[in-house]
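Student: Please find work_32.pdb (PDB, C-alpha atoms and all ligand atoms) on the next line:
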ATOM      1  CA  MET A   1      -0.228  18.566  18.989
ATOM      2  CA  VAL A   2       3.497  19.122  18.330
ATOM      3  CA  GLU A   3       4.219  19.281  14.600
ATOM      4  CA  VAL A   4       7.156  17.274  13.306
ATOM      5  CA  LEU A   5       8.833  16.947   9.929
ATOM      6  CA  ILE A   6       9.126  13.316   8.850
ATOM      7  CA  ALA A   7      11.823  12.499   6.283
ATOM      8  CA  PRO A   8      13.866   9.489   5.168
ATOM      9  CA  LEU A   9      16.840   8.627   7.375
ATOM     10  CA  ALA A  10      19.771  10.752   6.255
ATOM     11  CA  GLY A  11      23.226   9.574   7.177
ATOM     12  CA  GLU A  12      25.184   7.874   9.866
ATOM     13  CA  VAL A  13      24.706  10.452  12.619
ATOM     14  CA  GLU A  14      20.936  10.066  12.409
ATOM     15  CA  ALA A  15      21.257   6.268  12.322
ATOM     16  CA  ARG A  16      23.378   6.325  15.478
ATOM     17  CA  THR A  17      20.925   8.591  17.303
ATOM     18  CA  CYS A  18      18.044   6.264  16.400
ATOM     19  CA  ALA A  19      20.035   3.157  17.397
ATOM     20  CA  LYS A  20      20.786   4.726  20.791
ATOM     21  CA  LEU A  21      17.107   5.565  21.328
ATOM     22  CA  MET A  22      16.160   1.991  20.498
ATOM     23  CA  ALA A  23      18.850   0.270  22.556
ATOM     24  CA  GLU A  24      18.091   2.369  25.659
ATOM     25  CA  SER A  25      14.309   1.972  25.564
ATOM     26  CA  GLU A  26      11.680  -0.628  26.346
ATOM     27  CA  PRO A  27      10.532  -2.892  24.776
ATOM     28  CA  TRP A  28      13.955  -3.439  23.239
ATOM     29  CA  LEU A  29      15.766  -3.597  26.601
ATOM     30  CA  THR A  30      13.658  -6.623  27.569
ATOM     31  CA  LEU A  31      13.925  -8.034  24.045
ATOM     32  CA  GLY A  32      17.716  -7.787  24.184
ATOM     33  CA  ARG A  33      18.248  -5.479  21.223
ATOM     34  CA  SER A  34      21.783  -4.112  21.445
ATOM     35  CA  TYR A  35      22.997  -0.799  20.025
ATOM     36  CA  GLU A  36      24.926  -2.707  17.346
ATOM     37  CA  SER A  37      21.938  -4.818  16.266
ATOM     38  CA  ALA A  38      19.737  -1.703  16.198
ATOM     39  CA  LEU A  39      22.311   0.023  13.982
ATOM     40  CA  THR A  40      22.453  -2.997  11.665
ATOM     41  CA  LEU A  41      18.668  -2.899  11.301
ATOM     42  CA  LEU A  42      18.638   0.857  10.661
ATOM     43  CA  ARG A  43      21.290   0.431   7.936
ATOM     44  CA  ASP A  44      19.508  -2.528   6.316
ATOM     45  CA  PRO A  45      18.867  -1.514   2.690
ATOM     46  CA  THR A  46      15.711  -3.701   2.572
ATOM     47  CA  ARG A  47      14.068  -1.462   5.168
ATOM     48  CA  GLU A  48      12.649   2.058   4.843
ATOM     49  CA  VAL A  49      13.562   4.278   7.769
ATOM     50  CA  TYR A  50      11.851   7.613   8.421
ATOM     51  CA  VAL A  51      12.918  10.120  11.049
ATOM     52  CA  ALA A  52      10.721  12.688  12.791
ATOM     53  CA  HIS A  53      12.433  16.027  13.460
ATOM     54  CA  ASP A  54      11.283  18.762  15.784
ATOM     55  CA  GLN A  55      13.011  21.986  16.849
ATOM     56  CA  ARG A  56      15.276  20.065  19.226
ATOM     57  CA  GLY A  57      16.406  17.465  16.690
ATOM     58  CA  ILE A  58      15.418  13.842  16.223
ATOM     59  CA  ALA A  59      12.131  13.228  17.993
ATOM     60  CA  GLY A  60      11.503   9.669  16.853
ATOM     61  CA  PHE A  61      11.681   7.232  13.988
ATOM     62  CA  LEU A  62       9.939   4.464  12.068
ATOM     63  CA  ILE A  63      11.251   1.323  10.371
ATOM     64  CA  LEU A  64       9.062  -0.149   7.613
ATOM     65  CA  CYS A  65       9.382  -3.411   5.737
ATOM     66  CA  MET A  66       7.835  -3.208   2.272
ATOM     67  CA  VAL A  67       8.829  -6.691   1.069
ATOM     68  CA  GLY A  68       8.022 -10.260   2.070
ATOM     69  CA  ALA A  69       4.994 -12.175   3.319
ATOM     70  CA  PHE A  70       3.646  -9.415   5.565
ATOM     71  CA  VAL A  71       4.365  -6.568   3.182
ATOM     72  CA  GLY A  72       3.513  -3.261   4.789
ATOM     73  CA  TYR A  73       4.978  -4.113   8.168
ATOM     74  CA  ILE A  74       5.774  -1.412  10.718
ATOM     75  CA  GLN A  75       8.817  -3.054  12.243
ATOM     76  CA  SER A  76       9.664  -0.394  14.803
ATOM     77  CA  VAL A  77       8.324   2.919  16.006
ATOM     78  CA  ALA A  78       9.979   4.954  18.728
ATOM     79  CA  VAL A  79       9.695   8.432  20.205
ATOM     80  CA  GLN A  80      12.302  10.078  22.450
ATOM     81  CA  PRO A  81      11.312   9.509  26.092
ATOM     82  CA  ASP A  82      10.944  13.237  26.835
ATOM     83  CA  ARG A  83       8.560  13.720  23.870
ATOM     84  CA  ARG A  84       6.194  10.799  24.502
ATOM     85  CA  GLY A  85       2.499  11.308  25.118
ATOM     86  CA  GLN A  86       2.327  14.401  22.867
ATOM     87  CA  GLY A  87       0.967  12.812  19.719
ATOM     88  CA  LEU A  88       4.246  12.118  17.926
ATOM     89  CA  GLY A  89       3.783   8.337  17.861
ATOM     90  CA  THR A  90       0.320   8.844  16.404
ATOM     91  CA  GLN A  91       1.797  11.108  13.697
ATOM     92  CA  LEU A  92       4.519   8.569  12.862
ATOM     93  CA  ILE A  93       1.984   5.760  12.548
ATOM     94  CA  ALA A  94      -0.293   7.937  10.386
ATOM     95  CA  PHE A  95       2.724   8.615   8.144
ATOM     96  CA  ALA A  96       3.449   4.856   7.928
ATOM     97  CA  GLU A  97      -0.173   4.159   7.042
ATOM     98  CA  ARG A  98      -0.142   6.735   4.224
ATOM     99  CA  ARG A  99       3.070   5.210   2.856
ATOM    100  CA  ILE A 100       1.856   1.598   3.083
ATOM    101  CA  LEU A 101      -1.797   2.017   2.096
ATOM    102  CA  ALA A 102      -0.799   3.916  -1.065
ATOM    103  CA  GLU A 103       0.448   0.536  -2.343
ATOM    104  CA  TYR A 104      -1.017  -2.246  -0.209
ATOM    105  CA  PRO A 105      -4.293  -2.737   1.675
ATOM    106  CA  ASN A 106      -2.839  -3.999   4.949
ATOM    107  CA  VAL A 107      -0.683  -2.497   7.644
ATOM    108  CA  PHE A 108       0.930  -5.022   9.984
ATOM    109  CA  MET A 109       2.878  -4.596  13.176
ATOM    110  CA  CYS A 110       3.854  -6.591  16.242
ATOM    111  CA  VAL A 111       3.617  -5.455  19.827
ATOM    112  CA  SER A 112       5.242  -7.250  22.737
ATOM    113  CA  SER A 113       2.797  -8.789  25.198
ATOM    114  CA  PHE A 114       4.238  -6.677  28.030
ATOM    115  CA  ASN A 115       3.996  -3.392  26.075
ATOM    116  CA  THR A 116       0.439  -2.708  27.186
ATOM    117  CA  GLU A 117       0.526   1.092  26.697
ATOM    118  CA  ALA A 118       1.644   0.819  23.071
ATOM    119  CA  HIS A 119      -0.940  -1.918  22.480
ATOM    120  CA  ARG A 120      -3.677   0.369  23.821
ATOM    121  CA  LEU A 121      -2.552   3.115  21.427
ATOM    122  CA  TYR A 122      -2.633   0.737  18.445
ATOM    123  CA  GLN A 123      -6.095  -0.511  19.389
ATOM    124  CA  ARG A 124      -7.286   3.090  19.517
ATOM    125  CA  LEU A 125      -5.821   3.599  16.032
ATOM    126  CA  GLY A 126      -7.828   0.672  14.659
ATOM    127  CA  TYR A 127      -5.385  -2.239  14.810
ATOM    128  CA  GLN A 128      -6.814  -5.688  15.457
ATOM    129  CA  ILE A 129      -5.101  -8.753  16.858
ATOM    130  CA  VAL A 130      -4.620 -11.394  14.167
ATOM    131  CA  GLY A 131      -2.175 -13.717  15.889
ATOM    132  CA  GLU A 132       0.106 -14.404  18.793
ATOM    133  CA  LEU A 133       3.689 -15.595  18.436
ATOM    134  CA  THR A 134       4.451 -17.187  21.790
ATOM    135  CA  ASP A 135       8.030 -17.252  23.101
ATOM    136  CA  TYR A 136       9.020 -15.555  19.832
ATOM    137  CA  ILE A 137      11.848 -13.212  20.836
ATOM    138  CA  VAL A 138      12.263 -13.976  24.531
ATOM    139  CA  HIS A 139      10.970 -16.841  26.605
ATOM    140  CA  GLY A 140       7.727 -16.127  28.454
ATOM    141  CA  GLN A 141       6.657 -13.201  26.240
ATOM    142  CA  SER A 142       4.678 -13.127  23.032
ATOM    143  CA  GLU A 143       4.722 -10.875  20.036
ATOM    144  CA  ILE A 144       1.127  -9.959  19.199
ATOM    145  CA  LEU A 145       0.593  -9.591  15.448
ATOM    146  CA  LEU A 146      -1.703  -6.672  14.619
ATOM    147  CA  ARG A 147      -3.353  -5.683  11.347
ATOM    148  CA  LYS A 148      -5.224  -2.673  10.035
ATOM    149  CA  THR A 149      -6.869  -3.263   6.684
ATOM    150  CA  VAL A 150      -8.775  -1.327   4.057
ATOM    151  CA  GLY A 151      -9.763  -4.419   2.014
ATOM    152  CA  PRO A 152      -8.602  -7.689   0.497
ATOM    153  CA  LEU A 153      -5.566  -8.087  -1.754
ATOM    154  CA  ALA A 154      -7.624  -9.465  -4.665
ATOM    155  CA  GLY A 155      -8.389  -6.868  -7.318
ATOM    156  CA  ARG A 156      -5.553  -4.574  -6.261
ATOM    157  CA  THR A 157      -2.811  -6.139  -8.382
ATOM    158  CA  GLY A 158      -2.980  -7.701 -11.831
ATOM    159  CA  LEU A 159      -1.240  -8.325 -15.079
ATOM    160  CA  THR A 160      -1.299  -5.475 -17.556
ATOM    161  CA  PRO A 161      -2.037  -6.661 -21.128
ATOM    162  CA  ASP A 162       0.072  -3.909 -22.690
ATOM    163  CA  GLN A 163       3.122  -5.260 -20.912
ATOM    164  CA  GLY A 164       2.659  -8.743 -22.334
ATOM    165  CA  GLY A 165       1.202  -9.975 -19.096
ATOM    166  CA  THR A 166       4.632 -10.359 -17.625
ATOM    167  CA  ARG A 167       4.673  -7.675 -14.995
ATOM    168  CA  GLU A 168       2.500  -7.235 -11.980
ATOM    169  CA  THR A 169       1.370  -3.731 -11.351
ATOM    170  CA  SER A 170      -0.913  -1.953  -8.981
ATOM    171  CA  THR A 171      -4.290  -1.157 -10.522
ATOM    172  CA  GLY A 172      -4.928   1.823  -8.342
ATOM    173  CA  MET A 173      -4.357   3.610  -5.126
ATOM    174  CA  ALA A 174      -5.783   2.072  -2.024
ATOM    175  CA  PRO A 175      -8.252   4.315  -0.195
ATOM    176  CA  ARG A 176      -6.648   6.735   2.222
ATOM    177  CA  PRO A 177      -6.670   5.462   5.797
ATOM    178  CA  GLU A 178      -9.047   6.805   8.370
ATOM    179  CA  SER A 179      -7.463   9.854   9.882
ATOM    180  CA  SER A 180      -5.905   8.866  13.172
TER     181      SER A 180
HETATM  182  C1  LIG B 201       4.736   3.779  21.679
HETATM  183  C2  LIG B 201       5.224   5.179  21.275
HETATM  184  C3  LIG B 201       5.893   5.109  19.901
HETATM  185  C4  LIG B 201       4.013   6.078  21.196
HETATM  186  O1  LIG B 201       4.457   7.371  20.900
HETATM  187  P1  LIG B 201       3.849   8.626  21.691
HETATM  188  O2  LIG B 201       4.356   9.839  21.027
HETATM  189  O3  LIG B 201       4.116   8.458  23.125
HETATM  190  O4  LIG B 201       2.298   8.372  21.386
HETATM  191  P2  LIG B 201       1.126   9.439  21.350
HETATM  192  O5  LIG B 201       1.473  10.634  22.161
HETATM  193  O6  LIG B 201       0.712   9.633  19.936
HETATM  194  O7  LIG B 201      -0.018   8.610  22.048
HETATM  195  C5  LIG B 201       0.071   8.389  23.451
HETATM  196  C6  LIG B 201      -0.288   6.973  23.704
HETATM  197  O8  LIG B 201       0.856   6.169  23.550
HETATM  198  C7  LIG B 201       0.881   5.173  24.545
HETATM  199  N1  LIG B 201       2.212   5.047  25.111
HETATM  200  C8  LIG B 201       2.954   3.936  25.015
HETATM  201  N2  LIG B 201       4.096   4.094  25.635
HETATM  202  C9  LIG B 201       4.086   5.353  26.164
HETATM  203  C10 LIG B 201       5.000   6.099  26.938
HETATM  204  N3  LIG B 201       6.175   5.568  27.316
HETATM  205  N4  LIG B 201       4.678   7.368  27.297
HETATM  206  C11 LIG B 201       3.489   7.914  26.936
HETATM  207  N5  LIG B 201       2.578   7.233  26.195
HETATM  208  C12 LIG B 201       2.885   5.962  25.807
HETATM  209  C13 LIG B 201      -0.078   5.534  25.609
HETATM  210  O9  LIG B 201      -0.983   4.438  25.636
HETATM  211  C14 LIG B 201      -0.783   6.778  25.139
HETATM  212  O10 LIG B 201      -2.127   6.451  25.050
HETATM  213  P3  LIG B 201      -3.163   6.980  26.165
HETATM  214  O11 LIG B 201      -3.448   8.392  25.767
HETATM  215  O12 LIG B 201      -4.282   6.033  25.980
HETATM  216  O13 LIG B 201      -2.462   6.857  27.479
HETATM  217  C15 LIG B 201       6.219   5.777  22.306
HETATM  218  O14 LIG B 201       5.578   5.870  23.542
HETATM  219  C16 LIG B 201       7.502   4.995  22.438
HETATM  220  O15 LIG B 201       8.469   5.267  21.745
HETATM  221  N6  LIG B 201       7.525   4.009  23.343
HETATM  222  C17 LIG B 201       8.704   3.198  23.537
HETATM  223  C18 LIG B 201       8.968   2.321  22.321
HETATM  224  C19 LIG B 201       7.772   1.467  21.978
HETATM  225  O16 LIG B 201       7.096   0.912  22.836
HETATM  226  N7  LIG B 201       7.551   1.329  20.659
HETATM  227  C20 LIG B 201       6.489   0.512  20.146
HETATM  228  C21 LIG B 201       7.001  -0.862  19.877
HETATM  229  S1  LIG B 201       5.676  -1.860  19.192
END
Could you take the file, read its structure, and then write that structure out as structure tokens?

Tutor:
Amino acid sequence: MVEVLIAPLAGEVEARTCAKLMAESEPWLTLGRSYESALTLLRDPTREVYVAHDQRGIAGFLILCMVGAFVGYIQSVAVQPDRRGQGLGTQLIAFAERRILAEYPNVFMCVSSFNTEAHRLYQRLGYQIVGELTDYIVHGQSEILLRKTVGPLAGRTGLTPDQGGTRETSTGMAPRPESS
């Protein structure tokens, strides 16, 4: 397996490289994601973006959403076309799981109904279908909502008495995910 270094997105040049990768690749070609909209997403301060580097440069990236209803959402994962099928996507998803499961017990992601190879990978990594959003981004295609969980939300957050019961805080680390 090729080893990569995964680090937070650093600067505009990296953002532009990731936006180009996204805009030139399926599923985003079919979903109509332009270079400009990809760049806007990568610059969105509400998202966490992590970039995988190998000896040749940027090998792939991840966009995570750690706020909102489906907190712990892997919004995008992409690997450079010439590096696919070498375990990098698996490493990026394992990184996302460590990041998310340290705080929350669920990892969510969507996969387009036509992206059967990626869906097969996610199934192998333990993701289960929890919903289908029909005609969600483009007509005639669904986004399949996937979830990997290590337990229910209840008991993981609570009010701490020493803070006057005003602040919610995590009561502990979620178990580490199965190695994948
Ligand atoms: C999906 C993706 C991130 C996986 O990364 P990867 O480095 O190729 O994945 P790995 O090497 O860890 O695992 C290989 C698995 O990925 C799947 N895969 C999906 N698209 C693939 C592609 N274009 N080339 C090779 N494998 C691909 C295959 O099912 C393969 O599983 P298999 O061994 O059962 O055939 C990557 O292929 C990619 O960037 N695809 C285009 C963008 C995309 O579809 N992103 C996901 C949106 S939900």

Student: Quick one, how far is atom S1 of ligand LIG 201 (chain B) from atom CA of A:Ala154?

Tutor: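 Going from atom S1 of ligand LIG 201 (chain B) over to atom CA of A:Ala154, I get 28.4 Å.
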
Student: Given the file shown, determine the residues that the PyMOL selection byres (((not hetatm)) within 7 of (chain B and resi 201)) selects; report them as a ChimeraX atom specification.

Tutor: /A:25-27,76-81,83-91,110-112,115,117-118,120-121

Student: By how many Å are atom CA of A:Gln75 and atom CA of A:Ile63 apart?

Tutor: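 One can read the atom CA of A:Gln75 to atom CA of A:Ile63 distance as 5.3 Å.
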
Student: Report the residues retrieved by the PyMOL selection byres (((chain A and resi 39-43) around 12) and not hetatm) from the displayed file, expressed as a ChimeraX atom specification.

Tutor: /A:8-23,33-38,44-51,61-65,75-77

Student: Quick one: pull the distance between atom CA of A:Glu24 and atom CA of A:Ile6, Å, one decimal.

Tutor: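 For atom CA of A:Glu24 relative to atom CA of A:Ile6, the distance reads 22.0 Å.
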
Student: Give the answer as one residue: which of A:Gly151, A:Met66, A:Leu101, A:Ser113 has the shortest atom-to-atom distance to A:Asp135, using all atoms listed in the file?

Tutor: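 Using all atoms listed in the file, the shortest distance to A:Asp135 belongs to A:Ser113.
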
Student: Up to 9 Å from (14.0, -13.1, 19.7) in the file's coordinates: name the residues, counting only C-alpha atoms, as a ChimeraX atom specification.

Tutor: /A:31-33,135-139

Student: Find, counting all atoms listed in the file, the residue in A:Phe114, A:Leu146, A:Thr134, A:Leu125 that gets nearest to A:Thr30.

Tutor: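 So, comparing all the options, the nearest one is A:Phe114.
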
Student: Counting only C-alpha atoms, figure out which residue out of A:Ala59, A:Ile129, A:Met1, A:Ala52 gets nearest to A:Ala96.

Tutor: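 The answer is A:Ala52, which sits nearest to A:Ala96.
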
Student: Which of these, A:Leu29, A:Val2, A:Ile144, A:Leu92, has the shortest distance to A:Gly60 once you count all atoms listed in the file?

Tutor: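 So, comparing all the options, the nearest one is A:Leu92.
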
Student: Mind checking which residues fall within 10 Å of A:Pro152, counting all atoms listed in the file, ignoring those fewer than 3 positions away in the same chain, and posting them as a compact mmCIF listing (two decimals) with C-alpha atoms, in the frame of the given file?

Tutor:
# COMPACT_ATOMS: atom_id res chain seq x y z
CA TYR A 104 -1.02 -2.25 -0.21
CA PRO A 105 -4.29 -2.74 1.68
CA ASN A 106 -2.84 -4.00 4.95
CA THR A 149 -6.87 -3.26 6.68
CA GLY A 155 -8.39 -6.87 -7.32
CA ARG A 156 -5.55 -4.57 -6.26

Student: Applying the PyMOL selection byres (((chain A and resi 5) around 7) and not hetatm) to the file I just gave you, which residues come out? Please list them as a ChimeraX atom specification.

Tutor: /A:3-4,6-7,52-54

Student: Kindly write C-alpha atoms of stretch 20-114 of chain A from the structure just given to a file, as a PDB file, in the first residue's frame.

Tutor:
ATOM      1  CA  LYS A  20      -9.479  20.782 -10.708  1.00  0.00           C
ATOM      2  CA  LEU A  21      -9.423  17.121  -9.650  1.00  0.00           C
ATOM      3  CA  MET A  22     -13.054  17.359  -8.593  1.00  0.00           C
ATOM      4  CA  ALA A  23     -14.333  19.259 -11.625  1.00  0.00           C
ATOM      5  CA  GLU A  24     -12.626  16.877 -14.079  1.00  0.00           C
ATOM      6  CA  SER A  25     -13.759  13.639 -12.434  1.00  0.00           C
ATOM      7  CA  GLU A  26     -16.873  11.521 -12.122  1.00  0.00           C
ATOM      8  CA  PRO A  27     -19.217  11.614 -10.275  1.00  0.00           C
ATOM      9  CA  TRP A  28     -18.975  15.397 -10.311  1.00  0.00           C
ATOM     10  CA  LEU A  29     -18.982  15.658 -14.125  1.00  0.00           C
ATOM     11  CA  THR A  30     -22.421  14.014 -14.208  1.00  0.00           C
ATOM     12  CA  LEU A  31     -23.526  15.990 -11.149  1.00  0.00           C
ATOM     13  CA  GLY A  32     -22.541  19.249 -12.842  1.00  0.00           C
ATOM     14  CA  ARG A  33     -19.992  20.460 -10.309  1.00  0.00           C
ATOM     15  CA  SER A  34     -17.967  23.226 -11.943  1.00  0.00           C
ATOM     16  CA  TYR A  35     -14.396  24.201 -11.070  1.00  0.00           C
ATOM     17  CA  GLU A  36     -15.710  27.410  -9.481  1.00  0.00           C
ATOM     18  CA  SER A  37     -18.300  25.636  -7.314  1.00  0.00           C
ATOM     19  CA  ALA A  38     -15.686  23.065  -6.260  1.00  0.00           C
ATOM     20  CA  LEU A  39     -13.348  25.904  -5.267  1.00  0.00           C
ATOM     21  CA  THR A  40     -16.127  27.606  -3.296  1.00  0.00           C
ATOM     22  CA  LEU A  41     -16.760  24.374  -1.393  1.00  0.00           C
ATOM     23  CA  LEU A  42     -13.052  23.834  -0.702  1.00  0.00           C
ATOM     24  CA  ARG A  43     -12.770  27.397   0.666  1.00  0.00           C
ATOM     25  CA  ASP A  44     -15.917  27.090   2.803  1.00  0.00           C
ATOM     26  CA  PRO A  45     -14.824  27.801   6.393  1.00  0.00           C
ATOM     27  CA  THR A  46     -17.582  25.499   7.752  1.00  0.00           C
ATOM     28  CA  ARG A  47     -15.881  22.511   6.131  1.00  0.00           C
ATOM     29  CA  GLU A  48     -12.700  20.657   7.105  1.00  0.00           C
ATOM     30  CA  VAL A  49     -10.531  19.807   4.121  1.00  0.00           C
ATOM     31  CA  TYR A  50      -7.650  17.331   4.323  1.00  0.00           C
ATOM     32  CA  VAL A  51      -5.151  16.681   1.554  1.00  0.00           C
ATOM     33  CA  ALA A  52      -3.186  13.484   0.946  1.00  0.00           C
ATOM     34  CA  HIS A  53       0.377  14.039  -0.287  1.00  0.00           C
ATOM     35  CA  ASP A  54       2.678  11.498  -1.854  1.00  0.00           C
ATOM     36  CA  GLN A  55       6.107  11.929  -3.457  1.00  0.00           C
ATOM     37  CA  ARG A  56       4.529  13.361  -6.607  1.00  0.00           C
ATOM     38  CA  GLY A  57       2.369  15.943  -4.835  1.00  0.00           C
ATOM     39  CA  ILE A  58      -1.341  16.007  -4.094  1.00  0.00           C
ATOM     40  CA  ALA A  59      -2.706  12.488  -4.357  1.00  0.00           C
ATOM     41  CA  GLY A  60      -6.239  13.134  -3.150  1.00  0.00           C
ATOM     42  CA  PHE A  61      -8.407  14.973  -0.680  1.00  0.00           C
ATOM     43  CA  LEU A  62     -11.339  14.785   1.718  1.00  0.00           C
ATOM     44  CA  ILE A  63     -14.044  17.297   2.636  1.00  0.00           C
ATOM     45  CA  LEU A  64     -15.744  16.790   6.015  1.00  0.00           C
ATOM     46  CA  CYS A  65     -18.753  18.518   7.506  1.00  0.00           C
ATOM     47  CA  MET A  66     -18.643  18.526  11.304  1.00  0.00           C
ATOM     48  CA  VAL A  67     -21.778  20.622  11.897  1.00  0.00           C
ATOM     49  CA  GLY A  68     -25.492  20.232  11.230  1.00  0.00           C
ATOM     50  CA  ALA A  69     -28.044  17.425  11.301  1.00  0.00           C
ATOM     51  CA  PHE A  70     -25.754  14.736   9.887  1.00  0.00           C
ATOM     52  CA  VAL A  71     -22.676  15.765  11.830  1.00  0.00           C
ATOM     53  CA  GLY A  72     -19.712  13.665  10.805  1.00  0.00           C
ATOM     54  CA  TYR A  73     -20.467  13.754   7.103  1.00  0.00           C
ATOM     55  CA  ILE A  74     -17.828  12.856   4.523  1.00  0.00           C
ATOM     56  CA  GLN A  75     -18.926  15.271   1.831  1.00  0.00           C
ATOM     57  CA  SER A  76     -16.318  14.422  -0.780  1.00  0.00           C
ATOM     58  CA  VAL A  77     -13.419  12.054  -1.234  1.00  0.00           C
ATOM     59  CA  ALA A  78     -11.271  11.985  -4.344  1.00  0.00           C
ATOM     60  CA  VAL A  79      -8.019  10.407  -5.481  1.00  0.00           C
ATOM     61  CA  GLN A  80      -6.033  11.461  -8.562  1.00  0.00           C
ATOM     62  CA  PRO A  81      -7.016   9.203 -11.479  1.00  0.00           C
ATOM     63  CA  ASP A  82      -3.489   7.801 -11.907  1.00  0.00           C
ATOM     64  CA  ARG A  83      -3.303   6.802  -8.209  1.00  0.00           C
ATOM     65  CA  ARG A  84      -6.669   5.044  -7.877  1.00  0.00           C
ATOM     66  CA  GLY A  85      -6.944   1.404  -6.892  1.00  0.00           C
ATOM     67  CA  GLN A  86      -3.811   1.538  -4.694  1.00  0.00           C
ATOM     68  CA  GLY A  87      -5.437   1.951  -1.307  1.00  0.00           C
ATOM     69  CA  LEU A  88      -5.352   5.742  -1.054  1.00  0.00           C
ATOM     70  CA  GLY A  89      -9.138   6.140  -0.900  1.00  0.00           C
ATOM     71  CA  THR A  90      -9.238   3.557   1.875  1.00  0.00           C
ATOM     72  CA  GLN A  91      -6.560   5.513   3.783  1.00  0.00           C
ATOM     73  CA  LEU A  92      -8.450   8.798   3.348  1.00  0.00           C
ATOM     74  CA  ILE A  93     -11.681   7.257   4.613  1.00  0.00           C
ATOM     75  CA  ALA A  94      -9.868   5.672   7.579  1.00  0.00           C
ATOM     76  CA  PHE A  95      -8.465   9.132   8.385  1.00  0.00           C
ATOM     77  CA  ALA A  96     -11.984  10.641   8.185  1.00  0.00           C
ATOM     78  CA  GLU A  97     -13.328   7.933  10.474  1.00  0.00           C
ATOM     79  CA  ARG A  98     -10.625   8.585  13.091  1.00  0.00           C
ATOM     80  CA  ARG A  99     -11.393  12.315  12.965  1.00  0.00           C
ATOM     81  CA  ILE A 100     -15.181  11.890  13.169  1.00  0.00           C
ATOM     82  CA  LEU A 101     -15.435   8.964  15.592  1.00  0.00           C
ATOM     83  CA  ALA A 102     -13.180  10.757  18.103  1.00  0.00           C
ATOM     84  CA  GLU A 103     -16.158  13.087  18.661  1.00  0.00           C
ATOM     85  CA  TYR A 104     -19.304  11.484  17.256  1.00  0.00           C
ATOM     86  CA  PRO A 105     -20.553   7.903  16.889  1.00  0.00           C
ATOM     87  CA  ASN A 106     -21.705   8.110  13.276  1.00  0.00           C
ATOM     88  CA  VAL A 107     -19.978   8.608   9.968  1.00  0.00           C
ATOM     89  CA  PHE A 108     -22.274   9.602   7.106  1.00  0.00           C
ATOM     90  CA  MET A 109     -21.672   9.932   3.406  1.00  0.00           C
ATOM     91  CA  CYS A 110     -23.622   9.952   0.161  1.00  0.00           C
ATOM     92  CA  VAL A 111     -22.784   8.035  -2.972  1.00  0.00           C
ATOM     93  CA  SER A 112     -24.400   8.654  -6.339  1.00  0.00           C
ATOM     94  CA  SER A 113     -26.547   5.790  -7.603  1.00  0.00           C
ATOM     95  CA  PHE A 114     -24.372   5.471 -10.722  1.00  0.00           C
TER      96      PHE A 114
END
